[in-house]
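Participant: Input file: query-v1.cif. Contents: mmCIF, C-alpha atoms.
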data_protein
#
loop_
_atom_site.label_atom_id
_atom_site.label_comp_id
_atom_site.auth_asym_id
_atom_site.auth_seq_id
_atom_site.Cartn_x
_atom_site.Cartn_y
_atom_site.Cartn_z
CA MET A 1 0.00 0.00 0.00
CA PHE A 2 2.82 2.39 0.91
CA LEU A 3 4.57 1.74 -2.43
CA LEU A 4 1.40 2.49 -4.37
CA VAL A 5 0.83 5.77 -2.54
CA ALA A 6 4.46 6.86 -3.01
CA THR A 7 4.33 6.10 -6.73
CA THR A 8 1.11 8.05 -7.12
CA MET A 9 2.57 11.05 -5.32
CA THR A 10 5.70 11.00 -7.51
CA MET A 11 3.65 10.97 -10.71
CA PHE A 12 1.52 13.81 -9.35
CA ALA A 13 4.65 15.86 -8.58
CA GLN A 14 5.96 15.38 -12.12
CA ASP A 15 2.67 16.52 -13.57
CA GLU A 16 2.81 19.67 -11.45
CA LEU A 17 6.33 20.68 -12.64
CA GLU A 18 6.41 24.03 -14.44
CA GLN A 19 7.25 23.56 -18.10
CA THR A 20 10.32 25.21 -19.62
CA ALA A 21 9.47 28.03 -22.03
CA PRO A 22 9.85 26.84 -25.64
CA PRO A 23 12.84 28.36 -27.50
CA VAL A 24 12.50 30.96 -30.25
CA ILE A 25 13.83 30.13 -33.73
CA THR A 26 14.73 33.14 -35.90
CA CYS A 27 15.47 32.82 -39.63
CA TYR A 28 17.55 35.49 -41.37
CA SER A 29 17.54 36.54 -45.02
CA PRO A 30 20.42 35.41 -47.28
CA ASP A 31 23.86 36.77 -46.42
CA ILE A 32 27.08 36.94 -48.46
CA ASP A 33 30.68 35.93 -47.86
CA LEU A 34 33.10 36.87 -50.62
CA TYR A 35 36.18 34.64 -50.59
CA PRO A 36 39.08 34.26 -53.03
CA ASP A 37 37.74 30.91 -54.19
CA GLU A 38 33.99 31.45 -54.20
CA LEU A 39 31.01 33.59 -53.41
CA ASN A 40 29.10 31.96 -50.55
CA VAL A 41 25.47 32.91 -50.13
CA TYR A 42 23.59 31.31 -47.27
CA THR A 43 20.59 31.56 -44.96
CA SER A 44 21.10 31.33 -41.20
CA ILE A 45 19.01 30.73 -38.07
CA THR A 46 19.49 31.30 -34.36
CA ILE A 47 17.72 29.56 -31.48
CA GLU A 48 17.31 31.55 -28.27
CA ASN A 49 16.10 30.91 -24.75
CA ALA A 50 12.63 32.46 -24.45
CA ASN A 51 12.90 33.14 -20.72
CA GLU A 52 15.91 35.00 -19.35
CA GLU A 53 14.97 34.24 -15.74
CA TYR A 54 16.64 30.85 -15.91
CA ASP A 55 19.30 29.08 -17.96
CA ALA A 56 17.99 26.48 -20.36
CA VAL A 57 19.73 23.91 -22.51
CA ILE A 58 18.40 23.96 -26.05
CA TYR A 59 18.32 20.92 -28.31
CA TYR A 60 17.68 21.06 -32.03
CA GLY A 61 17.34 18.78 -35.04
CA ILE A 62 17.47 19.48 -38.78
CA ALA A 63 15.90 17.54 -41.63
CA GLU A 64 15.55 18.17 -45.34
CA TYR A 65 11.90 18.63 -46.18
CA TRP A 66 11.63 15.13 -47.67
CA SER A 67 13.14 13.42 -44.59
CA TYR A 68 11.21 11.61 -41.89
CA ASP A 69 11.38 12.66 -38.24
CA GLU A 70 12.74 9.32 -37.13
CA TYR A 71 15.96 10.10 -38.99
CA MET A 72 16.45 13.41 -37.20
CA GLU A 73 19.35 13.61 -34.74
CA TRP A 74 19.23 15.95 -31.75
CA TYR A 75 22.16 18.27 -31.03
CA THR A 76 22.92 20.73 -28.25
CA TYR A 77 22.73 24.30 -29.52
CA ASP A 78 25.94 26.27 -28.80
CA GLY A 79 24.53 29.76 -29.38
CA LEU A 80 26.14 30.30 -32.81
CA PRO A 81 24.13 30.90 -36.00
CA ILE A 82 23.46 27.75 -38.06
CA THR A 83 23.93 28.26 -41.81
CA PHE A 84 22.00 26.57 -44.62
CA TYR A 85 22.78 26.31 -48.29
CA PRO A 86 20.04 26.13 -50.94
CA GLY A 87 17.19 23.77 -50.14
CA GLN A 88 14.11 23.41 -47.96
CA TYR A 89 14.58 22.52 -44.31
CA THR A 90 12.64 21.68 -41.17
CA VAL A 91 14.20 22.70 -37.87
CA LYS A 92 12.84 21.49 -34.53
CA ALA A 93 13.97 22.66 -31.11
CA TYR A 94 13.04 22.31 -27.45
CA ALA A 95 14.49 23.53 -24.15
CA GLU A 96 15.18 22.00 -20.76
CA ALA A 97 15.81 23.90 -17.54
CA PRO A 98 16.74 22.55 -14.08
CA GLY A 99 13.70 21.69 -11.98
CA LYS A 100 11.31 22.15 -14.88
CA ALA A 101 9.67 19.87 -17.40
CA PRO A 102 10.98 19.98 -21.00
CA SER A 103 9.32 22.53 -23.24
CA GLU A 104 7.12 21.79 -26.17
CA VAL A 105 8.89 21.16 -29.48
CA VAL A 106 8.98 24.21 -31.74
CA THR A 107 9.04 23.59 -35.50
CA MET A 108 10.05 25.86 -38.37
CA THR A 109 10.10 24.94 -42.07
CA PHE A 110 11.77 27.34 -44.50
CA VAL A 111 13.41 27.57 -47.91
CA ALA A 112 17.06 28.62 -48.05
CA MET A 113 17.61 30.37 -51.36
CA ALA A 114 21.07 30.75 -52.84
CA VAL A 115 20.72 34.42 -53.57
CA PRO A 116 18.14 36.98 -54.71
CA GLU A 117 17.89 37.68 -58.44
CA LEU A 118 20.80 40.09 -58.14
CA VAL A 119 23.38 40.18 -55.36
CA TYR A 120 24.93 43.60 -54.83
CA LEU A 121 28.62 43.31 -54.07
CA TYR A 122 29.74 46.91 -53.61
CA ASP A 123 29.82 49.30 -50.66
CA PHE A 124 30.03 52.56 -52.60
CA ILE A 125 30.57 54.03 -56.08
CA VAL A 126 32.87 56.89 -57.08
CA ASP A 127 33.24 58.10 -60.69
CA GLY A 128 31.64 54.93 -62.05
CA ILE A 129 33.98 52.53 -60.19
CA TYR A 130 32.46 50.10 -57.67
CA TYR A 131 34.36 49.56 -54.42
CA ARG A 132 34.16 47.15 -51.50
CA TYR A 133 35.80 47.79 -48.12
CA ARG A 134 38.92 45.79 -47.37
CA GLY A 135 40.06 46.59 -43.88
CA SER A 136 39.92 50.05 -42.32
CA ASP A 137 41.80 52.02 -44.96
CA GLU A 138 41.81 49.89 -48.12
CA VAL A 139 39.26 49.07 -50.80
CA TRP A 140 39.11 46.65 -53.69
CA VAL A 141 37.42 47.19 -57.03
CA THR A 142 34.34 45.06 -57.56
CA THR A 143 31.22 45.01 -59.70
CA GLU A 144 27.65 46.09 -59.12
CA GLY A 145 26.32 42.57 -58.64
CA LEU A 146 26.04 39.03 -59.92
CA GLU A 147 22.98 37.45 -61.42
CA SER A 148 22.11 33.97 -60.20
CA HIS A 149 20.07 30.89 -60.95
CA ASP A 150 17.65 29.43 -58.43
CA TYR A 151 19.29 27.02 -55.99
CA ASN A 152 22.75 27.69 -57.36
CA PRO A 153 25.25 28.67 -54.64
CA TRP A 154 27.74 29.98 -57.18
CA PRO A 155 26.07 32.82 -59.11
CA HIS A 156 26.52 32.94 -62.85
CA PRO A 157 28.65 36.05 -63.33
CA HIS A 158 27.54 38.96 -65.46
CA SER A 159 29.58 42.03 -64.62
CA LEU A 160 28.35 44.61 -67.08
CA CYS A 161 29.34 47.78 -65.22
CA TYR A 162 32.42 48.82 -67.12
CA SER A 163 32.93 49.84 -70.75
CA GLY A 164 35.25 51.97 -72.87
CA ASP A 165 38.50 53.20 -71.32
CA VAL A 166 38.51 52.44 -67.59
CA VAL A 167 41.05 53.99 -65.21
CA ILE A 168 41.34 52.64 -61.65
CA PRO A 169 42.84 55.26 -59.31
CA GLU A 170 45.50 54.68 -56.65
CA SER A 171 43.15 56.01 -53.98
CA VAL A 172 39.55 57.08 -53.65
CA GLU A 173 37.81 59.47 -51.26
CA TYR A 174 34.42 58.61 -49.82
CA GLU A 175 32.51 60.39 -47.07
CA GLY A 176 35.56 62.39 -46.07
CA LYS A 177 37.97 59.45 -45.84
CA THR A 178 40.65 58.39 -48.31
CA TYR A 179 41.07 54.69 -49.12
CA LYS A 180 43.99 53.02 -50.89
CA VAL A 181 42.99 50.83 -53.85
CA THR A 182 44.89 47.56 -53.49
CA GLY A 183 42.95 44.77 -55.22
CA ILE A 184 40.42 43.50 -57.74
CA TYR A 185 37.63 41.19 -56.56
CA ASN A 186 36.31 38.08 -58.30
CA GLU A 187 34.77 38.63 -61.73
CA ALA A 188 34.90 42.43 -61.46
CA PHE A 189 35.58 42.72 -65.19
CA TRP A 190 33.92 39.52 -66.40
CA GLY A 191 31.93 40.17 -69.58
CA CYS A 192 32.82 43.86 -69.70
CA ASN A 193 33.25 45.59 -73.03
CA MET A 194 36.32 47.69 -72.23
CA THR A 195 38.71 49.02 -74.82
CA SER A 196 41.45 49.63 -72.23
CA LEU A 197 42.04 49.19 -68.52
CA ASP A 198 44.53 51.20 -66.49
CA LEU A 199 45.50 49.58 -63.15
CA PRO A 200 47.21 51.62 -60.38
CA SER A 201 50.68 51.25 -58.90
CA THR A 202 49.09 50.43 -55.52
CA LEU A 203 47.57 47.17 -56.79
CA THR A 204 48.71 44.04 -54.89
CA ASP A 205 46.06 41.36 -55.61
CA ILE A 206 43.77 40.19 -58.41
CA TRP A 207 41.21 37.47 -57.78
CA GLU A 208 39.94 34.99 -60.32
CA TYR A 209 38.02 35.37 -63.58
CA ASN A 210 39.50 38.69 -64.64
CA PHE A 211 41.22 39.00 -68.05
CA VAL A 212 39.91 35.61 -69.15
CA GLY A 213 36.87 34.39 -71.03
CA GLY A 214 34.24 37.10 -71.21
CA SER A 215 36.76 39.90 -70.62
CA ASP A 216 38.78 39.17 -73.76
CA GLU A 217 37.30 42.38 -75.20
CA VAL A 218 39.91 44.25 -73.14
CA LYS A 219 42.71 44.54 -75.67
CA CYS A 220 44.98 46.94 -73.81
CA VAL A 221 45.79 46.51 -70.11
CA ILE A 222 48.13 48.88 -68.26
CA CYS A 223 49.50 47.75 -64.91
CA ARG A 224 51.52 50.47 -63.18
CA ALA A 225 52.57 48.30 -60.22
CA VAL A 226 56.35 47.85 -60.15
CA THR A 227 55.90 44.50 -58.38
CA PRO A 228 53.49 42.22 -60.29
CA PRO A 229 50.28 41.90 -58.23
CA ASN A 230 49.42 38.46 -56.83
CA VAL A 231 47.11 36.52 -59.10
CA ALA A 232 44.60 33.82 -58.11
CA GLU A 233 46.33 31.29 -60.35
CA LYS A 234 44.00 28.43 -59.35
CA TYR A 235 41.56 29.15 -62.18
CA TYR A 236 43.88 30.63 -64.76
CA GLY A 237 46.51 28.29 -66.07
CA ASN A 238 47.68 29.67 -69.40
CA HIS A 239 44.41 31.55 -70.04
CA PHE A 240 45.22 34.63 -67.96
CA GLY A 241 45.63 37.57 -70.30
CA SER A 242 45.78 35.33 -73.37
CA GLY A 243 45.84 37.40 -76.56
CA GLN A 244 45.98 40.76 -74.78
CA THR A 245 48.68 43.43 -74.70
CA LEU A 246 50.03 44.40 -71.28
CA PHE A 247 51.90 47.65 -70.65
CA VAL A 248 54.09 47.63 -67.52
CA PRO A 249 56.79 49.86 -65.96
CA ALA A 250 59.95 49.62 -68.02
CA GLU A 251 62.08 48.59 -65.02
CA SER A 252 59.71 45.66 -64.34
CA LEU A 253 59.46 44.37 -67.90
CA GLN A 254 61.43 41.14 -67.37
CA VAL A 255 59.80 40.47 -64.01
CA TYR A 256 56.36 40.48 -65.64
CA ARG A 257 57.57 38.42 -68.60
CA ASN A 258 58.96 35.76 -66.24
CA HIS A 259 55.98 35.74 -63.85
CA LYS A 260 54.13 32.40 -63.80
CA GLU A 261 50.78 34.11 -64.49
CA TRP A 262 51.42 37.55 -65.96
CA ARG A 263 53.69 36.04 -68.63
CA HIS A 264 50.61 34.57 -70.35
CA PHE A 265 49.59 37.97 -71.71
CA GLY A 266 49.88 38.03 -75.48
CA ARG A 267 52.45 40.80 -75.45
CA ILE A 268 54.16 42.54 -72.53
CA VAL A 269 55.75 45.87 -73.41
CA PRO A 270 57.02 48.86 -71.45
CA PHE A 271 55.07 52.06 -71.26
CA LEU A 272 56.96 55.30 -71.34
CA GLY A 273 56.15 58.46 -69.45
CA ALA A 274 52.38 58.84 -69.69
CA GLY A 275 51.88 55.29 -70.96
CA PRO A 276 50.58 54.01 -74.31
CA GLY A 277 50.67 56.85 -76.79
CA ASP A 278 53.61 58.63 -75.15
CA VAL A 279 55.97 57.43 -77.85
CA ASN A 280 58.85 59.76 -77.06
CA GLY A 281 58.56 59.22 -73.30
CA ASP A 282 58.36 62.90 -72.33
CA GLY A 283 55.49 62.32 -69.90
CA LYS A 284 52.73 63.74 -72.09
CA ILE A 285 50.81 62.79 -75.19
CA ALA A 286 51.16 65.37 -77.95
CA ILE A 287 51.42 65.78 -81.72
CA SER A 288 55.13 64.98 -81.44
CA ASP A 289 54.15 61.41 -80.53
CA VAL A 290 52.09 61.14 -83.72
CA THR A 291 55.12 62.30 -85.68
CA GLY A 292 57.22 59.72 -83.84
CA ILE A 293 55.00 56.79 -84.86
CA ILE A 294 54.82 57.98 -88.47
CA GLY A 295 58.61 58.22 -88.50
CA GLN A 296 58.91 54.67 -87.17
CA LEU A 297 56.51 53.38 -89.85
CA LEU A 298 58.39 55.18 -92.65
CA ASP A 299 61.73 53.80 -91.49
CA GLY A 300 60.54 50.30 -92.32
CA GLY A 301 62.65 48.64 -89.64
CA ASP A 302 61.67 46.99 -86.37
CA ILE A 303 59.09 49.18 -84.68
CA PRO A 304 59.21 49.40 -80.88
CA ALA A 305 56.31 47.65 -79.17
CA TYR A 306 55.42 50.76 -77.18
CA CYS A 307 54.18 52.30 -80.44
CA ASP A 308 51.26 49.84 -80.29
CA VAL A 309 48.83 52.49 -79.01
CA ASN A 310 45.63 50.49 -79.51
CA GLY A 311 47.05 47.26 -78.09
CA ASP A 312 46.09 45.07 -81.05
CA GLY A 313 49.48 43.37 -81.20
CA LYS A 314 50.88 45.23 -84.20
CA VAL A 315 51.96 48.76 -85.13
CA THR A 316 50.14 50.17 -88.14
CA ILE A 317 48.49 53.36 -89.37
CA ALA A 318 45.60 52.40 -87.04
CA ASP A 319 47.84 53.36 -84.10
CA VAL A 320 48.36 56.79 -85.64
CA THR A 321 44.58 57.16 -85.90
CA ALA A 322 44.13 55.99 -82.32
CA LEU A 323 46.67 58.51 -81.07
CA ILE A 324 45.05 61.36 -83.01
CA ASN A 325 41.70 60.38 -81.51
CA MET A 326 43.30 60.51 -78.05
CA LEU A 327 44.50 64.03 -78.72
CA LEU A 328 41.03 65.01 -79.95
CA GLY A 329 39.45 63.47 -76.85
CA LYS A 330 37.49 60.87 -78.80
CA ASN A 331 38.72 57.90 -76.72
#
Could I get this file's structure written as structure tokens?

Facilitator:
Amino acid sequence: MFLLVATTMTMFAQDELEQTAPPVITCYSPDIDLYPDELNVYTSITIENANEEYDAVIYYGIAEYWSYDEYMEWYTYDGLPITFYPGQYTVKAYAEAPGKAPSEVVTMTFVAMAVPELVYLYDFIVDGIYYRYRGSDEVWVTTEGLESHDYNPWPHPHSLCYSGDVVIPESVEYEGKTYKVTGIYNEAFWGCNMTSLDLPSTLTDIWEYNFVGGSDEVKCVICRAVTPPNVAEKYYGNHFGSGQTLFVPAESLQVYRNHKEWRHFGRIVPFLGAGPGDVNGDGKIAISDVTGIIGQLLDGGDIPAYCDVNGDGKVTIADVTALINMLLGKN
């Protein structure tokens, strides 16, 4: 009789235990991490204790939407956001607190999309160039955004921001602060229809998918950096700069030509003074440079590569025309 009464009282006490407050699951919109190797876009969730008056241990389980609950494993939540790549998920969670009964199980089902229709990758724009912060006093050149396909974690790149003659400055001022331009992000120039690209002496890094594939329209590239910038060689091989003309500082000519990536440019030639078009190297582009190219053509001998004003790989009357157009402000 005593055993029966004791058992009944124990069951009654368990029924009277206050229940732990169920946790709160919060789902956040897609976020972006831009790495050298890839663009990661993900959705994240957090699970929080609903009652701050006591400490609770939270347990959670995750299943793809087609999975059955019996295959769900329970884990202890450590307070850090949980990230999800494209797909549809069901998350369940409950809480336990000392001296209280476990909470009810909370369930959330959601779709983690790879990325909206267009992911914007820049922090600010100055003079038509898109920039992304890189530390406290540096920025890298990027593009407006990348289009994507549904459920594709690596957006299909379409960088259509830049065209014509593009000049990247050594520094840029924004909201009263000056930033040094030191790098080029992934795919910044992919698919762009640029006739020339002028890169600053401050450049130290170039990430993948620039000067390959869709950016072959860039015929003339000027890199003013004395030390060749680091290149994300992983995706280049011998395609980096293939078929394009590269103008570099005269003192760095052999360094670029021997570099394992930069050497793949179609032609690497020194620029003098003001760069392509400054044939006599006096630091300015004037009618005397036109006369200099014409003189080289009339001589009939070997013509210096720096006379290739338009970067098409040969020196012809077309370079004279290109130089005249530069003087007239047409390009």

Participant: Rounded to one decimal, what separation in Å do you get between CA of Lys260 (chain A) and CA of Ile222 (chain A)?

Facilitator: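 One can read the CA of Lys260 (chain A) to CA of Ile222 (chain A) distance as 18.1 Å.
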
Participant: Work out how far apart CA of Met326 (chain A) and CA of Thr143 (chain A) are and give it in Å to one decimal.

Facilitator: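 Here the two named atoms are 26.9 Å from each other.
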
Participant: Nearest to Asn193 (chain A): which of A:Ala225, A:Val218, A:Val172, A:Val320 is it, counting all atoms listed in the file?

Facilitator: A:Val218

Participant: So that I can check the surroundings of region 173-176 of chain A, please list as an MDAnalysis selection string every protein, DNA and RNA residue that reaches within 10 Å of it, counting only C-alpha atoms and ignoring chain neighbours fewer than 6 positions away.

Facilitator: chainID A and resid 124:126

Participant: Rounded to one decimal place, report the CA of Tyr162 (chain A)-CA of Gly128 (chain A) distance in Å.

Facilitator: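 Between CA of Tyr162 (chain A) and CA of Gly128 (chain A) the gap works out to 8.0 Å.
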
Participant: For each of A:Phe189, A:Gly266, A:Gly329, A:Thr316, take the minimum atom-to-atom distance to Ala286 (chain A), counting only C-alpha atoms, then give the residue where this is smallest.

Facilitator: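 Using only C-alpha atoms, the shortest distance to Ala286 (chain A) belongs to A:Gly329.
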
Participant: Each side padded by 4 Å, which centre and which edge lengths in Å (one decimal) define the axis-aligned box around the listed atoms of region 125-141 of chain A? Give them as AutoDock Vina command-line options.

Facilitator:
--center_x 36.2 --center_y 51.9 --center_z -52.2 --size_x 19.2 --size_y 20.3 --size_z 27.7

Participant: Which residue, A:Gly295, A:Gly183, A:Gly61, A:Pro169, has the smallest gap to Tyr94 (chain A) when you use only C-alpha atoms?

Facilitator: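 Looking only at the distances to Tyr94 (chain A), the closest residue turns out to be A:Gly61.
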
Participant: Which residues, named as in the file, does the PyMOL selection byres ((chain A and resi 102-107) around 9) pick out? Answer as a ChimeraX atom specification.

Facilitator: /A:18-25,90-97,100-101,108-109

Participant: I need the residue nearest Ile62 (chain A) from this list: A:Ala232, A:Ile45, A:Leu297, A:Val269. Use all atoms listed in the file for the distance.

Facilitator: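 Among A:Ala232, A:Ile45, A:Leu297, A:Val269, it is A:Ile45 that comes nearest to Ile62 (chain A).
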
Participant: Once the PyMOL selection byres ((chain A and resi 77-81) around 6) is applied to the coordinates I shared, what remains selected? I want it as a PyMOL selection string.

Facilitator: chain A and resi 45-46+58-59+76+82

Participant: Just say which residues the PyMOL selection byres ((chain A and resi 171) around 9) picks in this file, as a list in words.

Facilitator: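 Matching residues under the PyMOL selection byres ((chain A and resi 171) around 9) are Glu138, Val139, Ile168, Pro169, Glu170, Val172, Glu173, Thr178, Tyr179, Lys180, Val181, Thr182, Pro200 and Thr202 of chain A.
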
Participant: Please, could you write that set of residues out with C-alpha atoms as a PDB file, keeping the file's coordinate frame?

Facilitator:
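Written output follows (selection.pdb):
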ATOM      1  CA  GLU A 138      41.810  49.890 -48.120  1.00  0.00           C
ATOM      2  CA  VAL A 139      39.260  49.070 -50.800  1.00  0.00           C
ATOM      3  CA  ILE A 168      41.340  52.640 -61.650  1.00  0.00           C
ATOM      4  CA  PRO A 169      42.840  55.260 -59.310  1.00  0.00           C
ATOM      5  CA  GLU A 170      45.500  54.680 -56.650  1.00  0.00           C
ATOM      6  CA  VAL A 172      39.550  57.080 -53.650  1.00  0.00           C
ATOM      7  CA  GLU A 173      37.810  59.470 -51.260  1.00  0.00           C
ATOM      8  CA  THR A 178      40.650  58.390 -48.310  1.00  0.00           C
ATOM      9  CA  TYR A 179      41.070  54.690 -49.120  1.00  0.00           C
ATOM     10  CA  LYS A 180      43.990  53.020 -50.890  1.00  0.00           C
ATOM     11  CA  VAL A 181      42.990  50.830 -53.850  1.00  0.00           C
ATOM     12  CA  THR A 182      44.890  47.560 -53.490  1.00  0.00           C
ATOM     13  CA  PRO A 200      47.210  51.620 -60.380  1.00  0.00           C
ATOM     14  CA  THR A 202      49.090  50.430 -55.520  1.00  0.00           C
TER      15      THR A 202
END
